[in-house]
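Here is structure.cif, consisting of mmCIF, C-alpha atoms:
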```cif
data_my_file
#
loop_
_atom_site.label_atom_id
_atom_site.label_comp_id
_atom_site.auth_asym_id
_atom_site.auth_seq_id
_atom_site.Cartn_x
_atom_site.Cartn_y
_atom_site.Cartn_z
CA MET A 986 -136.68 7.24 24.27
CA ILE A 987 -138.63 9.64 22.09
CA GLU A 988 -140.78 6.78 20.83
CA VAL A 989 -141.66 5.69 24.35
CA LEU A 990 -142.60 9.27 25.23
CA VAL A 991 -144.69 9.64 22.06
CA GLY A 992 -146.42 6.34 22.70
CA SER A 993 -147.30 7.22 26.27
CA LEU A 994 -148.58 10.66 25.20
CA LEU A 995 -150.77 9.10 22.51
CA LEU A 996 -152.13 6.49 24.91
CA ALA A 997 -152.90 9.09 27.57
CA GLY A 998 -154.62 11.38 25.06
CA THR A 999 -156.66 8.55 23.66
CA GLY A 1000 -157.68 7.51 27.16
CA PHE A 1001 -158.87 11.01 28.00
CA MET A 1002 -160.87 11.25 24.79
CA LEU A 1003 -162.41 7.84 25.46
CA VAL A 1004 -163.40 9.05 28.94
CA ALA A 1005 -164.98 12.13 27.35
CA ALA A 1006 -167.01 9.99 24.96
CA LEU A 1007 -168.06 7.70 27.81
CA GLY A 1008 -169.16 10.76 29.78
CA VAL A 1009 -171.22 12.15 26.93
CA TRP A 1010 -172.88 8.78 26.61
CA ARG A 1011 -173.61 8.05 30.28
CA MET A 1012 -174.04 11.41 32.02
CA PRO A 1013 -177.63 12.29 32.98
CA ASP A 1014 -178.23 15.84 31.70
CA LEU A 1015 -176.87 18.56 29.42
CA LEU A 1016 -174.62 20.39 31.87
CA THR A 1017 -172.91 17.26 33.18
CA ARG A 1018 -172.38 16.12 29.59
CA LEU A 1019 -170.75 19.45 28.80
CA HIS A 1020 -168.65 19.10 31.93
CA ALA A 1021 -167.46 15.69 30.78
CA THR A 1022 -166.80 16.44 27.15
CA THR A 1023 -165.19 19.88 27.23
CA LYS A 1024 -162.32 19.38 29.62
CA ALA A 1025 -161.44 15.76 28.95
CA ALA A 1026 -161.61 16.04 25.15
CA THR A 1027 -159.52 19.24 25.20
CA LEU A 1028 -156.85 17.58 27.30
CA GLY A 1029 -156.94 14.52 25.02
CA VAL A 1030 -156.42 16.60 21.88
CA ALA A 1031 -153.60 18.52 23.57
CA LEU A 1032 -151.78 15.31 24.55
CA ILE A 1033 -152.20 13.74 21.10
CA MET A 1034 -150.95 16.88 19.38
CA LEU A 1035 -147.95 17.03 21.71
CA GLY A 1036 -147.22 13.45 20.68
CA VAL A 1037 -147.45 14.41 17.01
CA ALA A 1038 -145.09 17.36 17.55
CA LEU A 1039 -142.56 15.15 19.34
CA HIS A 1040 -142.80 12.43 16.67
CA PHE A 1041 -142.11 14.68 13.69
CA GLY A 1042 -139.78 17.11 15.41
CA GLU A 1043 -139.72 19.67 12.61
CA ALA A 1044 -140.34 23.34 13.20
CA GLY A 1045 -143.35 23.66 10.92
CA VAL A 1046 -145.08 20.59 12.30
CA VAL A 1047 -144.44 21.62 15.90
CA ALA A 1048 -145.86 25.07 15.17
CA ARG A 1049 -148.99 23.60 13.59
CA ALA A 1050 -149.52 21.11 16.40
CA LEU A 1051 -149.13 23.79 19.05
CA GLY A 1052 -151.48 25.95 16.99
CA VAL A 1053 -154.12 23.22 17.14
CA VAL A 1054 -153.63 22.91 20.90
CA LEU A 1055 -153.90 26.66 21.44
CA PHE A 1056 -156.97 26.93 19.23
CA VAL A 1057 -158.81 24.08 20.93
CA MET A 1058 -157.95 25.38 24.37
CA LEU A 1059 -159.22 28.84 23.42
CA THR A 1060 -162.42 27.77 21.70
CA ALA A 1061 -163.66 24.80 23.75
CA PRO A 1062 -164.69 26.85 26.84
CA VAL A 1063 -166.35 29.48 24.62
CA ALA A 1064 -168.34 26.86 22.75
CA ALA A 1065 -169.31 25.08 25.98
CA HIS A 1066 -170.45 28.35 27.53
CA ALA A 1067 -172.51 29.26 24.46
CA ILE A 1068 -174.25 25.93 24.19
CA GLY A 1069 -174.84 25.68 27.93
CA ARG A 1070 -176.39 29.13 27.99
CA ALA A 1071 -178.57 28.33 24.97
CA GLY A 1072 -179.62 25.06 26.60
CA TYR A 1073 -180.61 26.82 29.80
CA PHE A 1074 -182.68 29.36 27.85
CA VAL A 1075 -184.37 26.71 25.74
CA GLY A 1076 -185.24 24.86 28.94
CA ALA A 1077 -183.03 21.80 29.05
CA ARG A 1078 -184.26 19.82 32.02
CA PRO A 1079 -181.62 19.39 34.76
CA TRP A 1080 -180.97 16.05 36.36
CA SER A 1081 -183.44 14.99 39.07
CA GLY A 1082 -180.63 14.86 41.62
CA THR A 1083 -179.67 18.51 41.10
CA VAL A 1084 -179.32 20.15 44.50
CA LYS A 1085 -179.27 23.85 43.69
CA ASP A 1086 -180.10 26.14 40.77
CA GLU A 1087 -178.95 29.61 41.76
CA LEU A 1088 -180.19 31.26 38.58
CA ARG A 1089 -183.80 30.03 38.72
CA PRO A 1090 -185.26 32.43 41.38
CA HIS A 1091 -183.45 35.50 40.00
CA TYR A 1092 -184.02 35.04 36.30
CA ASP A 1093 -187.10 35.99 34.32
CA PRO A 1094 -187.26 33.81 31.19
CA LEU A 1095 -189.82 35.99 29.44
CA ASN A 1096 -187.84 39.22 29.14
CA HIS A 1097 -184.32 37.82 29.88
CA ARG A 1098 -183.96 40.03 32.96
CA LEU A 1099 -181.73 39.09 35.86
CA HIS A 1100 -182.69 40.37 39.30
CA SER A 1101 -179.98 40.86 41.87
CA GLY A 1102 -182.27 40.88 44.91
CA VAL A 1103 -180.96 44.20 46.21
CA GLU A 1104 -183.58 46.33 44.49
CA GLU A 1105 -186.38 44.32 46.08
CA GLU A 1106 -185.08 45.20 49.56
CA SER A 1107 -185.07 48.91 48.70
CA GLY A 1108 -188.45 48.88 46.97
CA GLY A 1109 -190.39 46.88 49.49
CA PRO A 1110 -191.10 43.21 49.97
CA SER A 1111 -194.64 43.16 48.59
CA ASP A 1112 -194.26 44.45 45.03
CA PRO A 1113 -191.31 43.64 42.77
CA PRO A 1114 -190.26 47.06 41.43
CA ARG A 1115 -188.90 45.69 38.18
CA ASN A 1116 -192.31 44.72 36.85
CA SER A 1117 -194.15 47.77 38.15
CA SER A 1118 -191.63 50.24 36.74
CA ASP A 1119 -191.04 48.55 33.40
CA VAL A 1120 -194.64 47.99 32.38
CA PRO A 1121 -196.16 51.38 31.46
CA MET B 737 -149.00 0.83 11.24
CA SER B 738 -147.86 -0.24 14.63
CA LEU B 739 -149.94 -1.97 17.24
CA LEU B 740 -150.16 1.09 19.47
CA LEU B 741 -151.53 3.30 16.73
CA SER B 742 -154.10 0.66 15.81
CA LEU B 743 -155.12 0.40 19.44
CA CYS B 744 -155.50 4.18 19.77
CA LEU B 745 -157.52 4.41 16.56
CA LEU B 746 -159.76 1.58 17.74
CA ALA B 747 -160.34 3.34 21.06
CA LEU B 748 -161.23 6.59 19.30
CA THR B 749 -163.62 4.69 17.04
CA VAL B 750 -165.34 3.27 20.12
CA GLY B 751 -165.57 6.85 21.39
CA LEU B 752 -167.18 7.93 18.11
CA ALA B 753 -169.72 5.13 18.52
CA MET B 754 -170.58 6.31 22.05
CA ALA B 755 -171.03 9.89 20.83
CA LEU B 756 -173.22 8.53 18.01
CA VAL B 757 -175.46 6.85 20.59
CA ARG B 758 -175.89 10.19 22.37
CA LEU B 759 -176.48 11.90 19.02
CA CYS B 760 -179.29 9.47 18.19
CA LEU B 761 -181.10 9.36 21.53
CA GLY B 762 -180.22 12.78 22.97
CA PRO B 763 -183.47 14.16 24.33
CA SER B 764 -182.99 17.76 23.20
CA LEU B 765 -181.17 19.67 20.49
CA PRO B 766 -178.36 20.99 22.77
CA ASP B 767 -177.48 17.41 23.72
CA ARG B 768 -177.06 16.56 20.05
CA VAL B 769 -174.92 19.65 19.53
CA VAL B 770 -172.65 18.53 22.37
CA ALA B 771 -172.31 15.15 20.70
CA LEU B 772 -171.46 16.83 17.38
CA GLU B 773 -168.79 18.96 19.03
CA LEU B 774 -167.30 15.83 20.55
CA PHE B 775 -167.34 14.29 17.05
CA ALA B 776 -165.22 17.14 15.71
CA THR B 777 -162.77 16.88 18.62
CA LEU B 778 -162.44 13.10 18.25
CA VAL B 779 -161.84 13.48 14.51
CA VAL B 780 -159.06 16.01 15.23
CA GLY B 781 -157.39 13.40 17.44
CA MET B 782 -157.83 10.69 14.80
CA ILE B 783 -156.27 12.93 12.14
CA GLY B 784 -153.27 13.45 14.43
CA LEU B 785 -152.89 9.70 14.84
CA LEU B 786 -153.22 9.15 11.08
CA ALA B 787 -150.57 11.79 10.44
CA ILE B 788 -148.18 9.74 12.57
CA ALA B 789 -149.29 6.44 11.00
CA TYR B 790 -148.76 7.56 7.40
CA GLY B 791 -145.92 9.98 8.04
CA VAL B 792 -147.75 12.83 6.31
CA SER B 793 -147.40 15.98 8.35
CA ALA B 794 -149.64 17.97 5.98
CA LEU B 795 -152.64 16.24 7.56
CA LEU B 796 -152.29 18.64 10.49
CA ASP B 797 -153.78 21.37 8.30
CA VAL B 798 -156.87 19.20 8.00
CA ALA B 799 -156.92 18.95 11.79
CA ILE B 800 -156.82 22.74 12.11
CA VAL B 801 -159.71 23.11 9.67
CA MET B 802 -161.67 20.40 11.48
CA ALA B 803 -161.28 22.14 14.86
CA LEU B 804 -162.36 25.44 13.31
CA MET B 805 -165.44 23.85 11.72
CA GLY B 806 -166.49 22.22 14.98
CA PHE B 807 -166.24 25.51 16.84
CA MET B 808 -168.15 27.44 14.19
CA ALA B 809 -170.90 24.81 14.06
CA THR B 810 -171.34 24.90 17.83
CA ILE B 811 -171.51 28.70 17.95
CA GLY B 812 -173.96 28.68 15.05
CA PHE B 813 -176.25 26.18 16.77
CA ALA B 814 -176.09 28.16 20.02
CA ARG B 815 -177.08 31.37 18.25
CA PHE B 816 -179.84 29.53 16.42
CA LEU B 817 -181.23 28.19 19.70
CA GLU B 818 -181.10 31.55 21.44
CA ARG B 819 -182.79 33.37 18.57
CA GLY B 820 -185.71 30.97 18.81
CA GLY B 821 -185.39 27.98 16.58
CA GLN B 822 -187.44 24.80 16.58
CA ARG B 823 -187.86 23.76 20.19
CA ASP B 824 -189.78 20.53 19.72
CA ASP B 825 -187.04 18.23 18.63
#
```
Show me, as structure tokens, the structure contained in the file I just sent.
Amino acid sequence: MIEVLVGSLLLAGTGFMLVAALGVWRMPDLLTRLHATTKAATLGVALIMLGVALHFGEAGVVARALGVVLFVMLTAPVAAHAIGRAGYFVGARPWSGTVKDELRPHYDPLNHRLHSGVEEESGGPSDPPRNSSDVP
Amino acid sequence: MSLLLSLCLLALTVGLAMALVRLCLGPSLPDRVVALELFATLVVGMIGLLAIAYGVSALLDVAIVMALMGFMATIGFARFLERGGQRDD
């Protein structure tokens, strides 16, 4: 019974990690590759480590396996956010079928300023007040 | 080593090959960093499978260290890119 459960957990985890690798190979741009690899690989590692914990069944091994799961689940979104942000700043080209980039009209890549759009309504439509007030 | 473990290890090896393809032909440095992070995650899974195959539970410590190294490498590359590294890769 335990062996069947362990085997199915290992197969499911391996399948998710294979899907993540397939996504990082076939997806068209950086953000979709991040989308594929972060979630699927994290779930794959979690399932494999649950299988390891069930197979050994000792307290120390279960604690270590759950530690790996917790660590990967905590760090994978942070790493994906950091590398996605760095890729956007460096200028990674989005896929040609991208419909909307909400950050592009509000973000100034030269001085890393983010405009909300509200201050332009108060200052007047003709001159952007950020540039006129910041440049002495 | 049972058939199921061999099958899982073979599938993860195929996954490593796919990530290697992206690592070689990724158009920019962040794409290669994503492939490297996937490498680390796949190796963590392989170490878990090998721990079951050989019955050595101490291999899980290696898995913990591998996950930590992958995370640190990704954060380091992200900081390097944001602080203005080589952009013509």
Per residue of chain A within 7 Å of chain B, what are the shortest atom pair and its distance in Å to one decimal, counting all atoms listed in the file, with rows by chain and residue number, as JSON lines?
```
{"residue": "A:Leu996", "atom": "CA", "partner": "B:Cys744", "partner_atom": "CA", "distance": 6.6}
{"residue": "A:Thr999", "atom": "CA", "partner": "B:Cys744", "partner_atom": "CA", "distance": 6.0}
{"residue": "A:Met1002", "atom": "CA", "partner": "B:Leu778", "partner_atom": "CA", "distance": 7.0}
{"residue": "A:Leu1003", "atom": "CA", "partner": "B:Gly751", "partner_atom": "CA", "distance": 5.2}
{"residue": "A:Ala1006", "atom": "CA", "partner": "B:Gly751", "partner_atom": "CA", "distance": 5.0}
{"residue": "A:Leu1007", "atom": "CA", "partner": "B:Met754", "partner_atom": "CA", "distance": 6.4}
{"residue": "A:Val1009", "atom": "CA", "partner": "B:Ala755", "partner_atom": "CA", "distance": 6.5}
{"residue": "A:Trp1010", "atom": "CA", "partner": "B:Arg758", "partner_atom": "CA", "distance": 5.4}
{"residue": "A:Leu1015", "atom": "CA", "partner": "B:Asp767", "partner_atom": "CA", "distance": 5.8}
{"residue": "A:Leu1019", "atom": "CA", "partner": "B:Val770", "partner_atom": "CA", "distance": 6.8}
{"residue": "A:Thr1022", "atom": "CA", "partner": "B:Leu774", "partner_atom": "CA", "distance": 6.6}
{"residue": "A:Ala1026", "atom": "CA", "partner": "B:Thr777", "partner_atom": "CA", "distance": 6.7}
{"residue": "A:Val1030", "atom": "CA", "partner": "B:Gly781", "partner_atom": "CA", "distance": 5.6}
{"residue": "A:Ile1033", "atom": "CA", "partner": "B:Gly781", "partner_atom": "CA", "distance": 6.4}
{"residue": "A:Met1034", "atom": "CA", "partner": "B:Gly784", "partner_atom": "CA", "distance": 6.5}
{"residue": "A:Val1037", "atom": "CA", "partner": "B:Gly784", "partner_atom": "CA", "distance": 6.4}
{"residue": "A:Val1046", "atom": "CA", "partner": "B:Ser793", "partner_atom": "CA", "distance": 6.5}
{"residue": "A:Arg1049", "atom": "CA", "partner": "B:Leu796", "partner_atom": "CA", "distance": 6.7}
{"residue": "A:Ala1050", "atom": "CA", "partner": "B:Leu796", "partner_atom": "CA", "distance": 7.0}
{"residue": "A:Val1053", "atom": "CA", "partner": "B:Ile800", "partner_atom": "CA", "distance": 5.7}
{"residue": "A:Val1057", "atom": "CA", "partner": "B:Ala803", "partner_atom": "CA", "distance": 6.8}
{"residue": "A:Thr1060", "atom": "CA", "partner": "B:Phe807", "partner_atom": "CA", "distance": 6.6}
{"residue": "A:Ala1064", "atom": "CA", "partner": "B:Ile811", "partner_atom": "CA", "distance": 6.0}
{"residue": "A:Ala1067", "atom": "CA", "partner": "B:Ala814", "partner_atom": "CA", "distance": 5.8}
{"residue": "A:Ile1068", "atom": "CA", "partner": "B:Ala814", "partner_atom": "CA", "distance": 5.1}
{"residue": "A:Ala1071", "atom": "CA", "partner": "B:Glu818", "partner_atom": "CA", "distance": 5.4}
{"residue": "A:Gly1072", "atom": "CA", "partner": "B:Pro766", "partner_atom": "CA", "distance": 5.7}
{"residue": "A:Phe1074", "atom": "CA", "partner": "B:Glu818", "partner_atom": "CA", "distance": 7.0}
{"residue": "A:Val1075", "atom": "CA", "partner": "B:Leu817", "partner_atom": "CA", "distance": 7.0}
```
Export C-alpha atoms of the chosen residues as a PDB file, in the frame of the given file?
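For reference, out.pdb as written:
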```pdb
ATOM      1  CA  LEU A 996    -152.130   6.490  24.910  1.00  0.00           C
ATOM      2  CA  THR A 999    -156.660   8.550  23.660  1.00  0.00           C
ATOM      3  CA  MET A1002    -160.870  11.250  24.790  1.00  0.00           C
ATOM      4  CA  LEU A1003    -162.410   7.840  25.460  1.00  0.00           C
ATOM      5  CA  ALA A1006    -167.010   9.990  24.960  1.00  0.00           C
ATOM      6  CA  LEU A1007    -168.060   7.700  27.810  1.00  0.00           C
ATOM      7  CA  VAL A1009    -171.220  12.150  26.930  1.00  0.00           C
ATOM      8  CA  TRP A1010    -172.880   8.780  26.610  1.00  0.00           C
ATOM      9  CA  LEU A1015    -176.870  18.560  29.420  1.00  0.00           C
ATOM     10  CA  LEU A1019    -170.750  19.450  28.800  1.00  0.00           C
ATOM     11  CA  THR A1022    -166.800  16.440  27.150  1.00  0.00           C
ATOM     12  CA  ALA A1026    -161.610  16.040  25.150  1.00  0.00           C
ATOM     13  CA  VAL A1030    -156.420  16.600  21.880  1.00  0.00           C
ATOM     14  CA  ILE A1033    -152.200  13.740  21.100  1.00  0.00           C
ATOM     15  CA  MET A1034    -150.950  16.880  19.380  1.00  0.00           C
ATOM     16  CA  VAL A1037    -147.450  14.410  17.010  1.00  0.00           C
ATOM     17  CA  VAL A1046    -145.080  20.590  12.300  1.00  0.00           C
ATOM     18  CA  ARG A1049    -148.990  23.600  13.590  1.00  0.00           C
ATOM     19  CA  ALA A1050    -149.520  21.110  16.400  1.00  0.00           C
ATOM     20  CA  VAL A1053    -154.120  23.220  17.140  1.00  0.00           C
ATOM     21  CA  VAL A1057    -158.810  24.080  20.930  1.00  0.00           C
ATOM     22  CA  THR A1060    -162.420  27.770  21.700  1.00  0.00           C
ATOM     23  CA  ALA A1064    -168.340  26.860  22.750  1.00  0.00           C
ATOM     24  CA  ALA A1067    -172.510  29.260  24.460  1.00  0.00           C
ATOM     25  CA  ILE A1068    -174.250  25.930  24.190  1.00  0.00           C
ATOM     26  CA  ALA A1071    -178.570  28.330  24.970  1.00  0.00           C
ATOM     27  CA  GLY A1072    -179.620  25.060  26.600  1.00  0.00           C
ATOM     28  CA  PHE A1074    -182.680  29.360  27.850  1.00  0.00           C
ATOM     29  CA  VAL A1075    -184.370  26.710  25.740  1.00  0.00           C
TER      30      VAL A1075
END
```
- Task: Mind giving me the straight-line distance from CA of His1097 (chain A) to CA of Met805 (chain B) in Å, one decimal?
- Result: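 These atoms are spaced 29.7 Å apart.
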- Would you mind reading off the distance between CA of Tyr1073 (chain A) and CA of Arg1018 (chain A), one decimal, in Å?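 A separation of 13.5 Å between them.
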- At what distance in Å, to one decimal, does CA of Thr1027 (chain A) lie from CA of Ala1061 (chain A)?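 Calculated distance between CA of Ala1061 (chain A) and CA of Thr1027 (chain A) is 7.1 Å.
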- Message: I'd like the neighbourhood of Leu1032 (chain A) as an MDAnalysis selection string, where a residue qualifies if any of its atoms comes within 8 Å (using only C-alpha atoms), though same-chain residues fewer than 5 positions away should be ignored.
- Response: chainID A and resid 994:995 997:998
- Message: Give me, as a ChimeraX atom specification, all polymer residues having an atom no more than 7 Å from Val991 (chain A), counting only C-alpha atoms and skipping those fewer than 5 positions away in the same chain.
- Response: /A:1036,1039-1040
Prev. selection, C-alpha atoms, output as a PDB file, keeping the file's coordinate frame:
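File selection_36.pdb, as written:
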```pdb
ATOM      1  CA  GLY A1036    -147.220  13.450  20.680  1.00  0.00           C
ATOM      2  CA  LEU A1039    -142.560  15.150  19.340  1.00  0.00           C
ATOM      3  CA  HIS A1040    -142.800  12.430  16.670  1.00  0.00           C
TER       4      HIS A1040
END
```
